[in-house]
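Below is one structure, written out as structure tokens, with a few remarks after it.
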Amino acid sequence: MRVVVRSVSELCITVGALIVLFVVYVLFWTGVKADHVMDDQIDQLQDQWSQGAVRPTTPADPAGQAGAPADPPKPAPYQSGKPFAIMYIPRLGFTWNKPVLENTATGTLKKGLGHYAHTAQLGQKGNFAVAGHRRTYGDPFKDFPELRRGDAVVLTDGTTWFTYRIDKGPYKTVPSDIEVIDPVPRKSGYTRSGRYLTLTTCDPEWGHSHRLIVWAHLDSTQPVESGKPPALRR
């Protein structure tokens, strides 16, 4: 009997140790690896930009919406799984910056934020929609609920700074609510076409039963050569 009890106890200790190791892996090691990978993606982009390796563009749309920035030249299609921009959100910290890659596949979101491939390109008319993990793989959107109306979301593609301003959110919905990334999202409050940004992440913090959404509009653009936009100046 004592042998059985001791064996069961040892088994419980082993299982407990394995659970602890798994939790450490999920909470710590995936984050360390993801941070390294995201840094590599950003370094790769900055190296390309410093060497003048900027993607070709097509002519700009001259008919800009009244009161909004004019359309920048339209970039060529993004390469699936590859980084094409860097995002900054001052509300999440002035050191917060993440690469944005094309598509939202599982492997892509382990490297940074993912652009919904069927939505608008950065700065163009329509809805530029981006997803990111709330937890694990670097926790890029861990503090997503802190975002507020008026907060800046700044992106660069190496030639232009794009400053978006949040208009609504965080808004809670279910994963099947795909209308949130429509060209004019119905629940965003927007009523006509424009140049919008949608950010999405999971909710609750360690689950995926719901989604948190914020919507923003393109507030301003400026060439990279002119320096950082006001939202990134301390």
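Every chain in the structure tokens takes a letter, A first, then B, and so on in the order presented; its residues are numbered from 1, and the ligands are numbered from 1 following the presented order.
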
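Within 8 Å of segment 125-127 of chain A, once only C-alpha atoms are used and residues closer than 6 positions along the same chain are dropped, the contacting residues are Asp71, Thr119, Ile181, Asp182, Pro183, Val184, Ser193, Gly194, Arg195, Tyr196, Leu197 and Thr198 of chain A.
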
Limited to C-alpha atoms, could you put the picked residues into a file as a PDB file, in the first residue's frame?
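So the final result, stored in part-v4.pdb, reads:
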```pdb
ATOM      1  CA  ASP A  71      -4.025  59.737 -50.944  1.00  0.00           C
ATOM      2  CA  THR A 119      -8.451  44.908 -46.524  1.00  0.00           C
ATOM      3  CA  ILE A 181     -13.134  45.016 -40.817  1.00  0.00           C
ATOM      4  CA  ASP A 182     -15.515  46.060 -43.607  1.00  0.00           C
ATOM      5  CA  PRO A 183     -14.422  49.061 -45.734  1.00  0.00           C
ATOM      6  CA  VAL A 184     -16.919  51.139 -43.722  1.00  0.00           C
ATOM      7  CA  SER A 193     -15.925  55.872 -47.263  1.00  0.00           C
ATOM      8  CA  GLY A 194     -12.644  57.110 -45.874  1.00  0.00           C
ATOM      9  CA  ARG A 195      -9.183  55.994 -44.838  1.00  0.00           C
ATOM     10  CA  TYR A 196      -9.681  53.931 -41.724  1.00  0.00           C
ATOM     11  CA  LEU A 197      -7.690  51.663 -39.421  1.00  0.00           C
ATOM     12  CA  THR A 198      -9.079  48.719 -37.450  1.00  0.00           C
TER      13      THR A 198
END
```

Shell of 12 Å around segment 141-143 of chain A, only C-alpha atoms, local chain residues under 4 positions omitted, as a VMD selection string: chain A and resid 31 87 to 93 96 to 98 109 112 to 113 130 to 137 147 to 148 170 199 to 206 211 to 214

Alpha helix (DSSP H) positions in segment 20-232 of chain A, given as a ChimeraX atom specification: /A:20-24,30-50,106-109

Residue contacts of segment 224-233 of chain A (6 Å, only C-alpha atoms) excluding same-chain residues fewer than 6 positions away, as a ChimeraX atom specification: /A:159-161

Distance in Å - atom CA of Thr156 of chain A versus atom CA of Lys168 of chain A: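 Pair atom CA of Thr156 of chain A / atom CA of Lys168 of chain A returns 22.3 Å.
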
Two-atom distance - atom CA of Lys74 of chain A, atom CA of Gln121 of chain A (Å): 7.9 Å

Those in segment 103-194 of chain A with strand (DSSP E or B) from DSSP, as a PDB file with N, CA, C and O atoms, in the first residue's frame:
```
ATOM      1  N   LEU A 113       2.520  41.808 -35.820  1.00  0.00           N
ATOM      2  CA  LEU A 113       1.116  42.051 -36.120  1.00  0.00           C
ATOM      3  C   LEU A 113       0.821  41.610 -37.547  1.00  0.00           C
ATOM      4  O   LEU A 113       1.715  41.604 -38.398  1.00  0.00           O
ATOM      5  N   GLY A 114      -0.433  41.239 -37.815  1.00  0.00           N
ATOM      6  CA  GLY A 114      -0.784  40.751 -39.136  1.00  0.00           C
ATOM      7  C   GLY A 114      -1.850  41.598 -39.802  1.00  0.00           C
ATOM      8  O   GLY A 114      -2.868  41.931 -39.191  1.00  0.00           O
ATOM      9  N   HIS A 115      -1.599  41.954 -41.061  1.00  0.00           N
ATOM     10  CA  HIS A 115      -2.564  42.721 -41.852  1.00  0.00           C
ATOM     11  C   HIS A 115      -3.545  41.771 -42.520  1.00  0.00           C
ATOM     12  O   HIS A 115      -3.151  40.804 -43.169  1.00  0.00           O
ATOM     13  N   GLY A 126     -10.362  53.030 -47.726  1.00  0.00           N
ATOM     14  CA  GLY A 126     -10.860  51.749 -47.268  1.00  0.00           C
ATOM     15  C   GLY A 126     -10.469  51.545 -45.820  1.00  0.00           C
ATOM     16  O   GLY A 126     -10.216  52.503 -45.080  1.00  0.00           O
ATOM     17  N   ASN A 127     -10.392  50.308 -45.403  1.00  0.00           N
ATOM     18  CA  ASN A 127     -10.118  49.968 -44.005  1.00  0.00           C
ATOM     19  C   ASN A 127      -8.857  49.118 -43.914  1.00  0.00           C
ATOM     20  O   ASN A 127      -8.842  47.964 -44.338  1.00  0.00           O
ATOM     21  N   PHE A 128      -7.792  49.696 -43.396  1.00  0.00           N
ATOM     22  CA  PHE A 128      -6.532  48.988 -43.172  1.00  0.00           C
ATOM     23  C   PHE A 128      -6.662  48.276 -41.826  1.00  0.00           C
ATOM     24  O   PHE A 128      -6.632  48.909 -40.774  1.00  0.00           O
ATOM     25  N   ALA A 129      -6.855  46.949 -41.851  1.00  0.00           N
ATOM     26  CA  ALA A 129      -7.159  46.193 -40.637  1.00  0.00           C
ATOM     27  C   ALA A 129      -5.989  45.314 -40.212  1.00  0.00           C
ATOM     28  O   ALA A 129      -5.372  44.641 -41.043  1.00  0.00           O
ATOM     29  N   VAL A 130      -5.709  45.313 -38.914  1.00  0.00           N
ATOM     30  CA  VAL A 130      -4.533  44.632 -38.367  1.00  0.00           C
ATOM     31  C   VAL A 130      -4.922  43.851 -37.115  1.00  0.00           C
ATOM     32  O   VAL A 130      -5.668  44.347 -36.263  1.00  0.00           O
ATOM     33  N   ALA A 131      -4.397  42.635 -36.983  1.00  0.00           N
ATOM     34  CA  ALA A 131      -4.641  41.788 -35.820  1.00  0.00           C
ATOM     35  C   ALA A 131      -3.350  41.551 -35.051  1.00  0.00           C
ATOM     36  O   ALA A 131      -2.257  41.601 -35.618  1.00  0.00           O
ATOM     37  N   ALA A 152      -3.233  58.217 -30.620  1.00  0.00           N
ATOM     38  CA  ALA A 152      -2.580  58.099 -31.921  1.00  0.00           C
ATOM     39  C   ALA A 152      -2.091  56.676 -32.149  1.00  0.00           C
ATOM     40  O   ALA A 152      -1.600  56.012 -31.229  1.00  0.00           O
ATOM     41  N   VAL A 153      -2.236  56.218 -33.387  1.00  0.00           N
ATOM     42  CA  VAL A 153      -1.613  54.986 -33.861  1.00  0.00           C
ATOM     43  C   VAL A 153      -0.811  55.397 -35.082  1.00  0.00           C
ATOM     44  O   VAL A 153      -1.375  55.830 -36.089  1.00  0.00           O
ATOM     45  N   VAL A 154       0.514  55.278 -34.994  1.00  0.00           N
ATOM     46  CA  VAL A 154       1.403  55.785 -36.041  1.00  0.00           C
ATOM     47  C   VAL A 154       2.076  54.609 -36.745  1.00  0.00           C
ATOM     48  O   VAL A 154       2.533  53.665 -36.100  1.00  0.00           O
ATOM     49  N   LEU A 155       2.124  54.686 -38.063  1.00  0.00           N
ATOM     50  CA  LEU A 155       2.811  53.663 -38.849  1.00  0.00           C
ATOM     51  C   LEU A 155       3.724  54.327 -39.856  1.00  0.00           C
ATOM     52  O   LEU A 155       3.489  55.464 -40.272  1.00  0.00           O
ATOM     53  N   THR A 156       4.753  53.594 -40.247  1.00  0.00           N
ATOM     54  CA  THR A 156       5.616  54.046 -41.339  1.00  0.00           C
ATOM     55  C   THR A 156       5.928  52.885 -42.261  1.00  0.00           C
ATOM     56  O   THR A 156       6.062  51.738 -41.812  1.00  0.00           O
ATOM     57  N   THR A 160       6.881  57.259 -45.618  1.00  0.00           N
ATOM     58  CA  THR A 160       5.839  58.141 -45.108  1.00  0.00           C
ATOM     59  C   THR A 160       5.451  57.748 -43.688  1.00  0.00           C
ATOM     60  O   THR A 160       5.440  56.563 -43.346  1.00  0.00           O
ATOM     61  N   TRP A 161       5.147  58.764 -42.878  1.00  0.00           N
ATOM     62  CA  TRP A 161       4.537  58.544 -41.572  1.00  0.00           C
ATOM     63  C   TRP A 161       3.025  58.694 -41.731  1.00  0.00           C
ATOM     64  O   TRP A 161       2.559  59.663 -42.331  1.00  0.00           O
ATOM     65  N   PHE A 162       2.268  57.743 -41.182  1.00  0.00           N
ATOM     66  CA  PHE A 162       0.809  57.787 -41.208  1.00  0.00           C
ATOM     67  C   PHE A 162       0.313  57.857 -39.757  1.00  0.00           C
ATOM     68  O   PHE A 162       0.575  56.933 -38.979  1.00  0.00           O
ATOM     69  N   THR A 163      -0.364  58.928 -39.408  1.00  0.00           N
ATOM     70  CA  THR A 163      -0.895  59.072 -38.057  1.00  0.00           C
ATOM     71  C   THR A 163      -2.409  58.908 -38.085  1.00  0.00           C
ATOM     72  O   THR A 163      -3.127  59.709 -38.692  1.00  0.00           O
ATOM     73  N   TYR A 164      -2.875  57.856 -37.437  1.00  0.00           N
ATOM     74  CA  TYR A 164      -4.308  57.612 -37.284  1.00  0.00           C
ATOM     75  C   TYR A 164      -4.728  58.044 -35.883  1.00  0.00           C
ATOM     76  O   TYR A 164      -3.927  57.992 -34.938  1.00  0.00           O
ATOM     77  N   ARG A 165      -5.998  58.430 -35.735  1.00  0.00           N
ATOM     78  CA  ARG A 165      -6.554  58.792 -34.432  1.00  0.00           C
ATOM     79  C   ARG A 165      -7.758  57.904 -34.135  1.00  0.00           C
ATOM     80  O   ARG A 165      -8.666  57.766 -34.958  1.00  0.00           O
ATOM     81  N   ILE A 166      -7.748  57.299 -32.951  1.00  0.00           N
ATOM     82  CA  ILE A 166      -8.829  56.394 -32.574  1.00  0.00           C
ATOM     83  C   ILE A 166     -10.128  57.162 -32.345  1.00  0.00           C
ATOM     84  O   ILE A 166     -10.149  58.183 -31.662  1.00  0.00           O
ATOM     85  N   ASP A 167     -11.193  56.654 -32.933  1.00  0.00           N
ATOM     86  CA  ASP A 167     -12.519  57.256 -32.797  1.00  0.00           C
ATOM     87  C   ASP A 167     -13.438  56.452 -31.886  1.00  0.00           C
ATOM     88  O   ASP A 167     -14.304  57.014 -31.212  1.00  0.00           O
ATOM     89  N   LYS A 168     -13.256  55.128 -31.858  1.00  0.00           N
ATOM     90  CA  LYS A 168     -14.158  54.302 -31.065  1.00  0.00           C
ATOM     91  C   LYS A 168     -13.466  53.029 -30.620  1.00  0.00           C
ATOM     92  O   LYS A 168     -12.703  52.437 -31.366  1.00  0.00           O
ATOM     93  N   GLY A 169     -13.779  52.606 -29.382  1.00  0.00           N
ATOM     94  CA  GLY A 169     -13.271  51.356 -28.844  1.00  0.00           C
ATOM     95  C   GLY A 169     -12.542  51.577 -27.534  1.00  0.00           C
ATOM     96  O   GLY A 169     -12.400  52.707 -27.085  1.00  0.00           O
ATOM     97  N   PRO A 170     -12.101  50.474 -26.924  1.00  0.00           N
ATOM     98  CA  PRO A 170     -12.249  49.097 -27.368  1.00  0.00           C
ATOM     99  C   PRO A 170     -13.709  48.620 -27.330  1.00  0.00           C
ATOM    100  O   PRO A 170     -14.410  48.819 -26.352  1.00  0.00           O
ATOM    101  N   TYR A 171     -14.122  48.017 -28.424  1.00  0.00           N
ATOM    102  CA  TYR A 171     -15.468  47.495 -28.604  1.00  0.00           C
ATOM    103  C   TYR A 171     -15.392  45.978 -28.544  1.00  0.00           C
ATOM    104  O   TYR A 171     -14.561  45.362 -29.210  1.00  0.00           O
ATOM    105  N   LYS A 172     -16.265  45.368 -27.736  1.00  0.00           N
ATOM    106  CA  LYS A 172     -16.227  43.917 -27.545  1.00  0.00           C
ATOM    107  C   LYS A 172     -17.241  43.239 -28.443  1.00  0.00           C
ATOM    108  O   LYS A 172     -18.408  43.645 -28.500  1.00  0.00           O
ATOM    109  N   THR A 173     -16.805  42.191 -29.133  1.00  0.00           N
ATOM    110  CA  THR A 173     -17.696  41.457 -30.018  1.00  0.00           C
ATOM    111  C   THR A 173     -17.258  39.995 -30.065  1.00  0.00           C
ATOM    112  O   THR A 173     -16.396  39.570 -29.292  1.00  0.00           O
TER     113      THR A 173
END
```
